[in-house]
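What follows is the content of target_2.csv (CSV, C-alpha atoms).
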chain,number,residue,atom,x,y,z
T,186,MET,CA,18.3,5.0,-9.5
T,187,ALA,CA,17.4,8.7,-9.4
T,188,ALA,CA,19.4,9.6,-12.5
T,189,THR,CA,17.5,7.2,-14.6
T,190,LEU,CA,14.0,7.6,-13.3
T,191,THR,CA,11.5,7.8,-16.2
T,192,LYS,CA,7.8,7.2,-16.7
T,193,ALA,CA,8.8,3.6,-17.7
T,194,SER,CA,10.8,3.1,-14.5
T,195,VAL,CA,10.0,0.0,-12.5
T,196,ILE,CA,10.8,-1.4,-9.1
T,197,THR,CA,12.4,-4.9,-9.3
T,198,SER,CA,12.5,-7.7,-6.8
T,199,ALA,CA,14.6,-10.8,-6.2
T,200,ALA,CA,11.7,-12.8,-7.4
T,201,GLY,CA,11.8,-11.1,-10.8
T,202,MET,CA,8.9,-8.7,-10.4
T,203,ARG,CA,9.0,-5.5,-12.4
T,204,MET,CA,6.4,-3.1,-11.0
T,205,PRO,CA,5.8,0.5,-12.2
T,206,VAL,CA,7.3,2.8,-9.6
T,207,ILE,CA,4.1,4.8,-9.4
T,208,GLY,CA,0.6,3.5,-9.1
T,209,LEU,CA,-2.9,4.6,-8.3
T,210,GLY,CA,-4.1,3.9,-4.7
T,211,THR,CA,-7.8,3.2,-4.4
T,212,LEU,CA,-8.5,3.1,-0.7
T,213,THR,CA,-11.3,5.4,0.5
T,214,ARG,CA,-10.9,7.4,3.8
T,215,SER,CA,-12.8,4.9,5.9
T,216,SER,CA,-14.5,1.6,5.7
T,217,GLU,CA,-17.8,3.4,6.0
T,218,GLU,CA,-17.1,5.7,3.0
T,219,LYS,CA,-18.4,3.9,-0.1
T,220,ILE,CA,-18.2,5.9,-3.3
T,221,SER,CA,-20.3,4.8,-6.2
T,222,ASP,CA,-19.2,2.3,-8.8
T,223,ASP,CA,-19.6,5.0,-11.4
T,224,GLU,CA,-17.2,7.3,-9.5
T,225,VAL,CA,-14.7,4.4,-9.1
T,226,GLY,CA,-14.9,3.8,-12.9
T,227,ARG,CA,-14.5,7.5,-13.6
T,228,VAL,CA,-11.2,7.6,-11.5
T,229,ILE,CA,-9.9,4.5,-13.3
T,230,ASP,CA,-10.7,6.0,-16.6
T,231,MET,CA,-8.9,9.3,-15.8
T,232,ALA,CA,-5.9,7.4,-14.4
T,233,ILE,CA,-5.4,5.2,-17.4
T,234,GLU,CA,-5.9,8.1,-19.8
T,235,ALA,CA,-3.3,10.0,-17.8
T,236,GLY,CA,-0.8,7.1,-18.1
T,237,TYR,CA,-1.2,5.0,-15.0
T,238,ARG,CA,-0.7,1.3,-15.5
T,239,HIS,CA,-0.2,0.2,-11.9
T,240,ILE,CA,-3.5,0.0,-10.0
T,241,ASP,CA,-3.6,-1.0,-6.3
T,242,THR,CA,-6.8,-2.3,-4.6
T,243,ALA,CA,-7.8,-4.9,-2.0
T,244,TYR,CA,-10.7,-7.2,-1.2
T,245,MET,CA,-11.5,-5.1,1.8
T,246,TYR,CA,-11.7,-1.9,-0.2
T,247,ASN,CA,-15.0,-3.1,-1.5
T,248,ASN,CA,-14.3,-1.7,-5.0
T,249,GLU,CA,-12.8,-4.6,-6.9
T,250,ALA,CA,-16.0,-5.1,-9.0
T,251,ALA,CA,-16.2,-1.5,-10.0
T,252,ILE,CA,-12.5,-1.5,-11.0
T,253,GLY,CA,-13.0,-4.7,-12.9
T,254,LYS,CA,-15.8,-3.3,-14.9
T,255,ALA,CA,-13.7,-0.3,-15.9
T,256,LEU,CA,-10.7,-2.5,-16.7
T,257,LYS,CA,-12.8,-4.8,-18.9
T,258,ARG,CA,-14.1,-1.8,-20.8
T,259,TRP,CA,-10.6,-0.6,-21.5
T,260,LEU,CA,-9.4,-4.1,-22.5
T,261,ASP,CA,-12.4,-4.8,-24.7
T,262,SER,CA,-11.8,-1.5,-26.5
T,263,GLY,CA,-8.4,-2.7,-27.6
T,264,LYS,CA,-6.8,0.6,-26.4
T,265,ILE,CA,-4.8,-1.2,-23.9
T,266,LYS,CA,-3.5,-4.7,-23.5
T,267,ARG,CA,-3.6,-6.8,-20.3
T,268,GLU,CA,0.2,-7.1,-20.2
T,269,GLU,CA,0.5,-3.3,-20.1
T,270,LEU,CA,-1.3,-3.3,-16.8
T,271,PHE,CA,0.0,-4.1,-13.3
T,272,ILE,CA,-2.9,-5.0,-11.0
T,273,VAL,CA,-2.5,-5.5,-7.3
T,274,THR,CA,-5.0,-6.7,-4.7
T,275,LYS,CA,-4.8,-8.2,-1.2
T,276,LEU,CA,-6.0,-11.1,0.9
T,277,PRO,CA,-8.3,-9.8,3.7
T,278,MET,CA,-7.6,-10.5,7.4
T,279,VAL,CA,-10.6,-12.8,7.6
T,280,ALA,CA,-8.9,-15.0,5.1
T,281,MET,CA,-5.5,-15.3,6.8
T,282,ASN,CA,-5.7,-19.1,6.7
T,283,LYS,CA,-4.0,-21.5,4.3
T,284,ASP,CA,-7.3,-23.1,3.4
T,285,LEU,CA,-8.9,-19.7,2.3
T,286,VAL,CA,-6.1,-18.2,0.2
T,287,GLU,CA,-7.2,-19.8,-3.1
T,288,GLU,CA,-10.9,-19.1,-2.5
T,289,TYR,CA,-10.4,-15.4,-1.8
T,290,LEU,CA,-7.9,-14.9,-4.7
T,291,LEU,CA,-10.5,-16.5,-7.0
T,292,ARG,CA,-13.2,-14.1,-5.6
T,293,SER,CA,-10.9,-11.1,-6.4
T,294,LEU,CA,-10.2,-12.4,-9.9
T,295,LYS,CA,-13.9,-12.8,-10.6
T,296,SER,CA,-14.7,-9.3,-9.3
T,297,LEU,CA,-11.8,-7.8,-11.3
T,298,GLN,CA,-12.8,-9.8,-14.4
T,299,LEU,CA,-9.2,-10.9,-14.8
T,300,ASP,CA,-7.5,-14.3,-15.5
T,301,TYR,CA,-4.5,-13.4,-13.3
T,302,LEU,CA,-3.1,-10.8,-10.9
T,303,ASP,CA,0.3,-9.2,-11.3
T,304,LEU,CA,0.8,-9.1,-7.5
T,305,PHE,CA,-1.2,-10.6,-4.6
T,306,LEU,CA,-0.4,-9.3,-1.1
T,307,LEU,CA,-1.2,-10.4,2.5
T,308,HIS,CA,-3.0,-7.3,3.6
T,309,LYS,CA,-2.0,-7.5,7.3
T,310,PRO,CA,0.0,-10.0,9.3
T,311,VAL,CA,-2.9,-10.4,11.8
T,312,GLY,CA,-5.7,-12.8,11.1
T,313,PHE,CA,-9.3,-12.4,12.1
T,314,GLN,CA,-11.8,-15.2,12.6
T,315,PRO,CA,-13.1,-16.2,9.1
T,316,GLY,CA,-16.5,-14.9,7.8
T,317,GLU,CA,-18.1,-12.4,5.5
T,318,VAL,CA,-17.8,-9.5,8.0
T,319,LEU,CA,-14.5,-7.9,7.3
T,320,PHE,CA,-14.0,-6.6,10.9
T,321,PRO,CA,-15.8,-9.2,13.1
T,322,LEU,CA,-16.5,-7.9,16.6
T,323,ASP,CA,-17.6,-9.6,19.8
T,324,GLN,CA,-20.4,-8.3,22.0
T,325,ASN,CA,-17.9,-6.0,23.7
T,326,GLY,CA,-16.7,-4.4,20.5
T,327,TYR,CA,-13.4,-6.2,20.4
T,328,LEU,CA,-12.1,-7.8,17.2
T,329,LYS,CA,-12.6,-11.6,16.9
T,330,LEU,CA,-9.0,-12.6,16.2
T,331,ASP,CA,-7.5,-15.8,15.0
T,332,MET,CA,-4.7,-16.2,17.5
T,333,ASN,CA,-3.3,-19.1,15.5
T,334,THR,CA,-2.4,-17.1,12.3
T,335,ASP,CA,0.4,-19.2,10.7
T,336,HIS,CA,2.4,-17.1,8.2
T,337,VAL,CA,4.5,-20.1,7.1
T,338,ALA,CA,1.4,-22.2,6.1
T,339,ILE,CA,-0.3,-19.2,4.5
T,340,TRP,CA,2.9,-18.3,2.5
T,341,LYS,CA,3.0,-21.9,1.1
T,342,ALA,CA,-0.6,-21.4,0.0
T,343,MET,CA,0.4,-18.1,-1.7
T,344,GLU,CA,3.2,-19.8,-3.5
T,345,ALA,CA,0.7,-22.4,-4.8
T,346,GLN,CA,-1.3,-19.6,-6.4
T,347,VAL,CA,1.8,-18.5,-8.4
T,348,ASP,CA,2.3,-22.1,-9.5
T,349,ALA,CA,-1.3,-22.2,-10.6
T,350,GLY,CA,-0.8,-19.0,-12.7
T,351,ARG,CA,-3.4,-17.0,-10.8
T,352,THR,CA,-0.9,-14.4,-9.7
T,353,LYS,CA,2.6,-13.6,-11.1
T,354,PHE,CA,4.0,-12.4,-7.9
T,355,ILE,CA,3.2,-12.4,-4.2
T,356,GLY,CA,4.1,-10.0,-1.3
T,357,VAL,CA,3.0,-8.6,2.0
T,358,SER,CA,1.8,-5.4,3.6
T,359,ASP,CA,2.7,-4.0,7.1
T,360,PHE,CA,5.0,-6.9,8.0
T,361,ASN,CA,7.9,-6.0,10.3
T,362,ILE,CA,11.5,-7.2,9.8
T,363,ARG,CA,11.1,-10.1,12.2
T,364,GLN,CA,8.1,-11.4,10.2
T,365,MET,CA,9.9,-10.9,6.9
T,366,ASP,CA,13.0,-12.8,8.1
T,367,ARG,CA,10.7,-15.7,9.1
T,368,LEU,CA,9.2,-15.8,5.6
T,369,LEU,CA,12.5,-15.6,3.8
T,370,LYS,CA,13.8,-18.6,5.7
T,371,ILE,CA,11.0,-20.8,4.3
T,372,ALA,CA,10.1,-19.1,1.1
T,373,ARG,CA,10.5,-20.9,-2.2
T,374,ILE,CA,9.2,-17.8,-3.9
T,375,PRO,CA,10.3,-14.7,-1.9
T,376,PRO,CA,8.0,-11.7,-1.3
T,377,SER,CA,8.2,-9.1,-4.1
T,378,THR,CA,7.3,-6.1,-2.0
T,379,ASN,CA,6.3,-5.0,1.5
T,380,GLN,CA,3.6,-2.3,1.3
T,381,VAL,CA,3.8,-0.1,4.3
T,382,GLU,CA,3.1,3.5,5.5
T,383,CYS,CA,6.1,5.6,4.3
T,384,HIS,CA,6.3,9.3,3.9
T,385,LEU,CA,8.5,12.3,4.7
T,386,TYR,CA,8.0,12.0,8.5
T,387,PHE,CA,8.2,8.2,8.5
T,388,GLN,CA,10.8,7.1,6.0
T,389,GLN,CA,11.1,3.4,7.1
T,390,LYS,CA,14.9,3.6,6.8
T,391,GLU,CA,15.6,0.3,8.6
T,392,LEU,CA,12.9,-1.6,6.5
T,393,ARG,CA,14.2,0.0,3.3
T,394,GLU,CA,17.7,-1.1,4.0
T,395,TRP,CA,16.6,-4.6,4.9
T,396,GLY,CA,14.6,-4.7,1.6
T,397,GLU,CA,17.6,-3.5,-0.5
T,398,LYS,CA,19.7,-6.3,1.1
T,399,HIS,CA,17.2,-9.0,0.4
T,400,GLY,CA,15.5,-7.9,-2.9
T,401,VAL,CA,12.2,-7.0,-1.3
T,402,PRO,CA,11.5,-3.3,-2.1
T,403,VAL,CA,9.1,-1.1,-0.2
T,404,THR,CA,5.9,0.2,-1.6
T,405,ALA,CA,4.6,3.3,0.2
T,406,TYR,CA,1.0,3.9,1.1
T,407,ALA,CA,0.1,7.2,2.7
T,408,CYS,CA,3.1,8.5,0.7
T,409,LEU,CA,1.9,12.1,0.9
T,410,GLY,CA,1.1,11.8,4.6
T,411,SER,CA,-2.6,11.3,3.9
T,412,PRO,CA,-3.6,14.6,5.6
T,413,ALA,CA,-7.3,14.1,4.8
T,414,ALA,CA,-7.5,10.5,6.0
T,415,VAL,CA,-5.4,10.6,9.1
T,416,SER,CA,-7.9,12.2,11.4
T,417,VAL,CA,-10.7,10.2,10.0
T,418,PHE,CA,-9.0,6.9,10.8
T,419,ASN,CA,-7.4,7.8,14.1
T,420,GLY,CA,-9.3,10.8,15.6
T,421,PRO,CA,-7.4,14.0,16.4
T,422,LYS,CA,-7.6,13.4,20.1
T,423,ASN,CA,-5.4,10.3,19.8
T,424,MET,CA,-2.6,12.0,17.9
T,425,THR,CA,0.3,14.2,18.9
T,426,GLU,CA,0.9,17.6,17.3
T,427,SER,CA,3.6,16.3,15.1
T,428,GLN,CA,1.4,13.5,13.8
T,429,LEU,CA,-1.3,15.9,12.9
T,430,LYS,CA,1.1,18.0,10.9
T,431,SER,CA,1.0,17.4,7.2
T,432,PRO,CA,4.2,17.0,5.1
T,433,MET,CA,2.4,19.1,2.5
T,434,THR,CA,3.0,22.2,4.7
T,435,GLU,CA,6.7,21.5,5.6
T,436,ASP,CA,8.8,24.6,5.0
T,437,ASP,CA,11.6,22.8,3.3
T,438,VAL,CA,9.2,21.0,1.0
T,439,VAL,CA,7.5,24.2,0.1
T,440,HIS,CA,10.8,25.9,-0.7
T,441,ILE,CA,12.1,23.0,-2.8
T,442,ALA,CA,8.8,23.0,-4.7
T,443,LYS,CA,9.3,26.6,-5.6
T,444,VAL,CA,12.8,26.0,-6.8
T,445,HIS,CA,11.7,23.3,-9.1
T,446,LYS,CA,8.4,24.9,-10.0
T,447,LYS,CA,6.6,21.8,-8.9
T,448,THR,CA,3.8,21.2,-6.4
T,449,VAL,CA,4.7,20.0,-2.8
T,450,GLY,CA,3.0,16.7,-3.6
T,451,GLN,CA,5.4,16.2,-6.6
T,452,ILE,CA,8.4,16.9,-4.3
T,453,LEU,CA,7.2,14.4,-1.7
T,454,LEU,CA,6.7,11.7,-4.3
T,455,ARG,CA,10.0,12.4,-6.1
T,456,HIS,CA,11.8,12.2,-2.7
T,457,LEU,CA,10.5,8.7,-2.1
T,458,LEU,CA,11.2,7.5,-5.6
T,459,GLN,CA,14.9,8.7,-5.2
T,460,LEU,CA,15.0,6.6,-2.0
T,461,GLY,CA,14.1,3.6,-4.1
T,462,VAL,CA,10.5,3.3,-2.9
T,463,ALA,CA,7.5,2.7,-5.1
T,464,VAL,CA,4.5,5.0,-4.5
T,465,ILE,CA,0.7,4.6,-4.8
T,466,PRO,CA,-0.9,8.0,-4.2
T,467,LYS,CA,-4.7,8.2,-4.2
T,468,SER,CA,-6.6,11.0,-5.9
T,469,SER,CA,-9.9,11.5,-7.7
T,470,ASN,CA,-9.0,15.0,-8.9
T,471,PRO,CA,-8.0,14.8,-12.6
T,472,GLU,CA,-5.4,17.6,-12.4
T,473,ARG,CA,-3.8,16.0,-9.3
T,474,LEU,CA,-3.8,12.6,-10.9
T,475,LYS,CA,-1.7,14.1,-13.7
T,476,GLN,CA,0.5,16.0,-11.4
T,477,ASN,CA,1.3,12.9,-9.3
T,478,LEU,CA,2.5,11.2,-12.5
T,479,ASP,CA,4.5,14.2,-13.7
T,480,ILE,CA,7.6,13.7,-11.5
T,481,PHE,CA,10.1,12.3,-14.0
T,482,ASP,CA,11.4,15.6,-15.6
T,483,PHE,CA,13.4,16.8,-12.6
T,484,GLN,CA,15.7,15.5,-10.0
T,485,LEU,CA,16.3,16.4,-6.4
T,486,SER,CA,19.9,17.4,-5.6
T,487,THR,CA,22.0,15.6,-3.0
T,488,THR,CA,21.6,18.7,-0.8
T,489,GLU,CA,17.8,18.7,-1.2
T,490,MET,CA,17.6,15.0,-0.5
T,491,GLY,CA,19.7,15.5,2.6
T,492,LYS,CA,17.3,18.2,3.9
T,493,LEU,CA,14.3,16.0,3.3
T,494,ASN,CA,15.9,12.9,4.8
T,495,ALA,CA,16.7,14.9,7.9
T,496,LEU,CA,12.9,15.4,8.5
T,497,ASP,CA,12.4,11.7,9.2
T,498,GLN,CA,10.9,11.3,12.7
T,499,GLY,CA,11.2,7.6,12.8
T,500,GLU,CA,8.5,5.8,14.7
T,501,GLU,CA,7.2,9.1,16.1
T,502,GLY,CA,6.2,10.1,12.6
T,503,ARG,CA,3.9,7.1,12.1
T,504,LYS,CA,0.3,8.4,11.4
T,505,PHE,CA,-1.6,5.1,11.2
T,506,PHE,CA,-1.4,2.7,14.2
T,507,VAL,CA,-3.2,-0.2,15.8
T,508,SER,CA,-6.1,1.9,17.2
T,509,ASN,CA,-7.5,2.5,13.7
T,510,LEU,CA,-7.8,-1.3,13.1
T,511,GLY,CA,-10.1,-2.0,16.0
T,512,LYS,CA,-10.1,-2.8,19.7
T,513,GLY,CA,-7.9,-5.7,20.6
T,514,TYR,CA,-5.8,-5.8,17.5
T,515,ASP,CA,-2.6,-5.2,19.5
T,516,THR,CA,-3.3,-8.4,21.6
T,517,HIS,CA,-2.6,-10.6,18.6
T,518,PRO,CA,0.8,-12.3,18.7
T,519,GLU,CA,1.5,-11.1,15.1
T,520,CYS,CA,0.6,-7.5,15.7
T,521,PRO,CA,3.5,-5.7,13.9
T,522,TYR,CA,3.0,-2.3,15.4
T,523,PRO,CA,4.3,-0.6,18.6
T,524,LYS,CA,1.7,0.6,21.0
T,525,CYS,CA,-0.4,3.5,19.7
T,526,PRO,CA,0.3,7.0,21.1
T,527,GLU,CA,-2.4,7.0,23.7
T,528,HIS,CA,-0.7,3.9,25.3
T,529,ARG,CA,2.9,5.0,25.0
T,530,ASN,CA,4.9,5.7,28.1
Turn the structure described in the file into structure tokens.
Amino acid sequence: MAATLTKASVITSAAGMRMPVIGLGTLTRSSEEKISDDEVGRVIDMAIEAGYRHIDTAYMYNNEAAIGKALKRWLDSGKIKREELFIVTKLPMVAMNKDLVEEYLLRSLKSLQLDYLDLFLLHKPVGFQPGEVLFPLDQNGYLKLDMNTDHVAIWKAMEAQVDAGRTKFIGVSDFNIRQMDRLLKIARIPPSTNQVECHLYFQQKELREWGEKHGVPVTAYACLGSPAAVSVFNGPKNMTESQLKSPMTEDDVVHIAKVHKKTVGQILLRHLLQLGVAVIPKSSNPERLKQNLDIFDFQLSTTEMGKLNALDQGEEGRKFFVSNLGKGYDTHPECPYPKCPEHRN
């Protein structure tokens, strides 16, 4: 794959999806951080002008309407066609119920001002009790969980949305191999991707190998290690020294960047692409947006890839874990994560 990577390169799935290997992530640092619609529109404008065609959002990001407004402006201008775009959004945890899948997909389509999605994901494997509050809490501050989350029934409802033409492809986010195996056994339309945390220190080798075998490629969020977001989500007191370390400061990455006359961010993204992973870095900086896309004019050597691969810390390198999703999340039978660091023994 590495030798033929170009700006037009796509990740393919067994279901027939062809997704641009690099997209724009649009998650803000925390659920409380709400940037203005004008700022969201500005970022979408800069991204499309720079050449991005894959845009990743979610119902729970609270920015679909602003993205939709910007997309409509571009589509109405005639400067870009709908089929040139690849738009991804996700079913929220409060809608992890077969009877709510269609309603929430229609909500997203309305906000995005689109007739169809390119890819619709289950945002997390854990379901919350339905309602308009995205993270519903009880009087003690614990998440109100739907302990009867039924992935099989929900997947059948997802497949019905493909049949109805509301989304071309369907997938998941943060599912583990056990959960993926269960879906594949019953799926008429297999998942087209599993979007998970994946970066230099947490390379998801087992999940990537499983995906290669079954035609379900990995899409990496936090692909640069999300140095600005990690402490906001988790709190430094909950993290080990290695988890606080940013891949952007890793000596080997810095050295390889100098050799190729590229930024450290470009090296980290290129590394993942050569592992066969799609990436969705987030930035609102116009220069960095361009840099993140400018990773197709060089190739990491076998030696360089080996050095970067060796920096994988496995599960110890995970930077986002159950504690950032709310109290009680890990009591759900479908919680895909190991215990967070403060509970590890």
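The shortest atom-to-atom distance to Leu385 (chain T), with all atoms listed in the file taken into account, belongs to T:Lys504 out of T:Lys309, T:Lys254, T:Lys446, T:Lys504.
If only C-alpha atoms are the atoms counted, then among T:Val438, T:Ile220, T:Ala243, T:Leu322 the closest residue to Leu510 (chain T) is T:Leu322.
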Nearest to Met281 (chain T), chosen from T:Glu269, T:Asp230, T:Asp335, T:Glu317, with all atoms listed in the file counted in the distances: T:Asp335
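Interatomic distance, CA of Gln346 (chain T) to CA of Gly263 (chain T): 28.0 Å.
Taking all atoms listed in the file into account, the residues near (2.6, -16.1, 15.7), no farther than 12 Å, are Pro310, Val311, Gly312, Asp331, Met332, Asn333, Thr334, Asp335, His336, Val337, Ala338, Ile339, Arg363, Gln364, Arg367, Thr516, His517, Pro518, Glu519, Cys520 and Pro521 of chain T.
CA of Tyr301 (chain T) to CA of Ile355 (chain T) spans 12.0 Å [interatomic distance, one decimal].
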Ser358 (chain T) surroundings by all atoms listed in the file, 8 Å radius, close-in-sequence under 4 positions cut, as an MDAnalysis selection string: chainID T and resid 306:310 378:381
Could the residues of region 225-313 of chain T that have an atom at most 10 Å from region 461-484 of chain T be listed as a Markdown table, each with its closest atom pair and the distance in Å to one decimal, counting only C-alpha atoms and ordered by chain and ascending residue number?
| residue | atom | partner | partner_atom | distance |
| --- | --- | --- | --- | --- |
| T:Val225 | CA | T:Ser469 | CA | 8.7 |
| T:Arg227 | CA | T:Ser469 | CA | 8.5 |
| T:Val228 | CA | T:Ser469 | CA | 5.6 |
| T:Ile229 | CA | T:Ser469 | CA | 9.0 |
| T:Met231 | CA | T:Pro471 | CA | 6.4 |
| T:Ala232 | CA | T:Leu474 | CA | 6.6 |
| T:Ile233 | CA | T:Leu474 | CA | 10.0 |
| T:Glu234 | CA | T:Lys475 | CA | 9.5 |
| T:Ala235 | CA | T:Lys475 | CA | 6.0 |
| T:Gly236 | CA | T:Leu478 | CA | 7.7 |
| T:Tyr237 | CA | T:Leu478 | CA | 7.6 |
| T:His239 | CA | T:Ile465 | CA | 8.4 |
| T:Ile240 | CA | T:Ile465 | CA | 8.1 |
| T:Asp241 | CA | T:Ile465 | CA | 7.2 |
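With distances restricted to all atoms listed in the file, T:Leu328 is the closest residue to Gly513 (chain T) from T:Leu328, T:Val273, T:Ala495, T:Leu212.
Candidate residues T:Lys398, T:His445, T:Lys430, T:Arg238 were compared for distance to Glu501 (chain T), and the nearest is T:Lys430, using only C-alpha atoms.
Interatomic distance, CA of Gly491 (chain T) to CA of Gln388 (chain T): 12.7 Å.
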Report as a ChimeraX atom specification all protein, DNA and RNA residues lying within 9 Å of Ala200 (chain T), evaluated on all atoms listed in the file, omitting residues in the same chain fewer than 5 positions from it. /T:354,374-377,400-401
Would you save the residues of that selection, restricted to C-alpha atoms, as an mmCIF file, keeping the file's coordinate frame?
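Final output, saved to part29.cif:
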data_model
loop_
_atom_site.group_PDB
_atom_site.id
_atom_site.type_symbol
_atom_site.label_atom_id
_atom_site.label_comp_id
_atom_site.auth_asym_id
_atom_site.auth_seq_id
_atom_site.Cartn_x
_atom_site.Cartn_y
_atom_site.Cartn_z
ATOM 1 C CA PHE T 354 4.000 -12.400 -7.900
ATOM 2 C CA ILE T 374 9.200 -17.800 -3.900
ATOM 3 C CA PRO T 375 10.300 -14.700 -1.900
ATOM 4 C CA PRO T 376 8.000 -11.700 -1.300
ATOM 5 C CA SER T 377 8.200 -9.100 -4.100
ATOM 6 C CA GLY T 400 15.500 -7.900 -2.900
ATOM 7 C CA VAL T 401 12.200 -7.000 -1.300
#
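Considering the residues T:Tyr514, T:Phe313, T:Tyr522, T:Phe305 and counting all atoms listed in the file, Phe271 (chain T) has its shortest atom-to-atom contact with T:Phe305.
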Could you pull the residues within 7 Å of Phe387 (chain T), counting only C-alpha atoms, minus those fewer than 2 positions along the same chain, as a compact mmCIF listing (two decimals) with C-alpha atoms, in the coordinates of the input?
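File produced: part34.txt:
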# COMPACT_ATOMS: atom_id res chain seq x y z
CA CYS T 383 6.10 5.60 4.30
CA HIS T 384 6.30 9.30 3.90
CA LEU T 385 8.50 12.30 4.70
CA GLN T 389 11.10 3.40 7.10
CA ASP T 497 12.40 11.70 9.20
CA GLN T 498 10.90 11.30 12.70
CA GLY T 499 11.20 7.60 12.80
CA GLU T 500 8.50 5.80 14.70
CA GLY T 502 6.20 10.10 12.60
CA ARG T 503 3.90 7.10 12.10
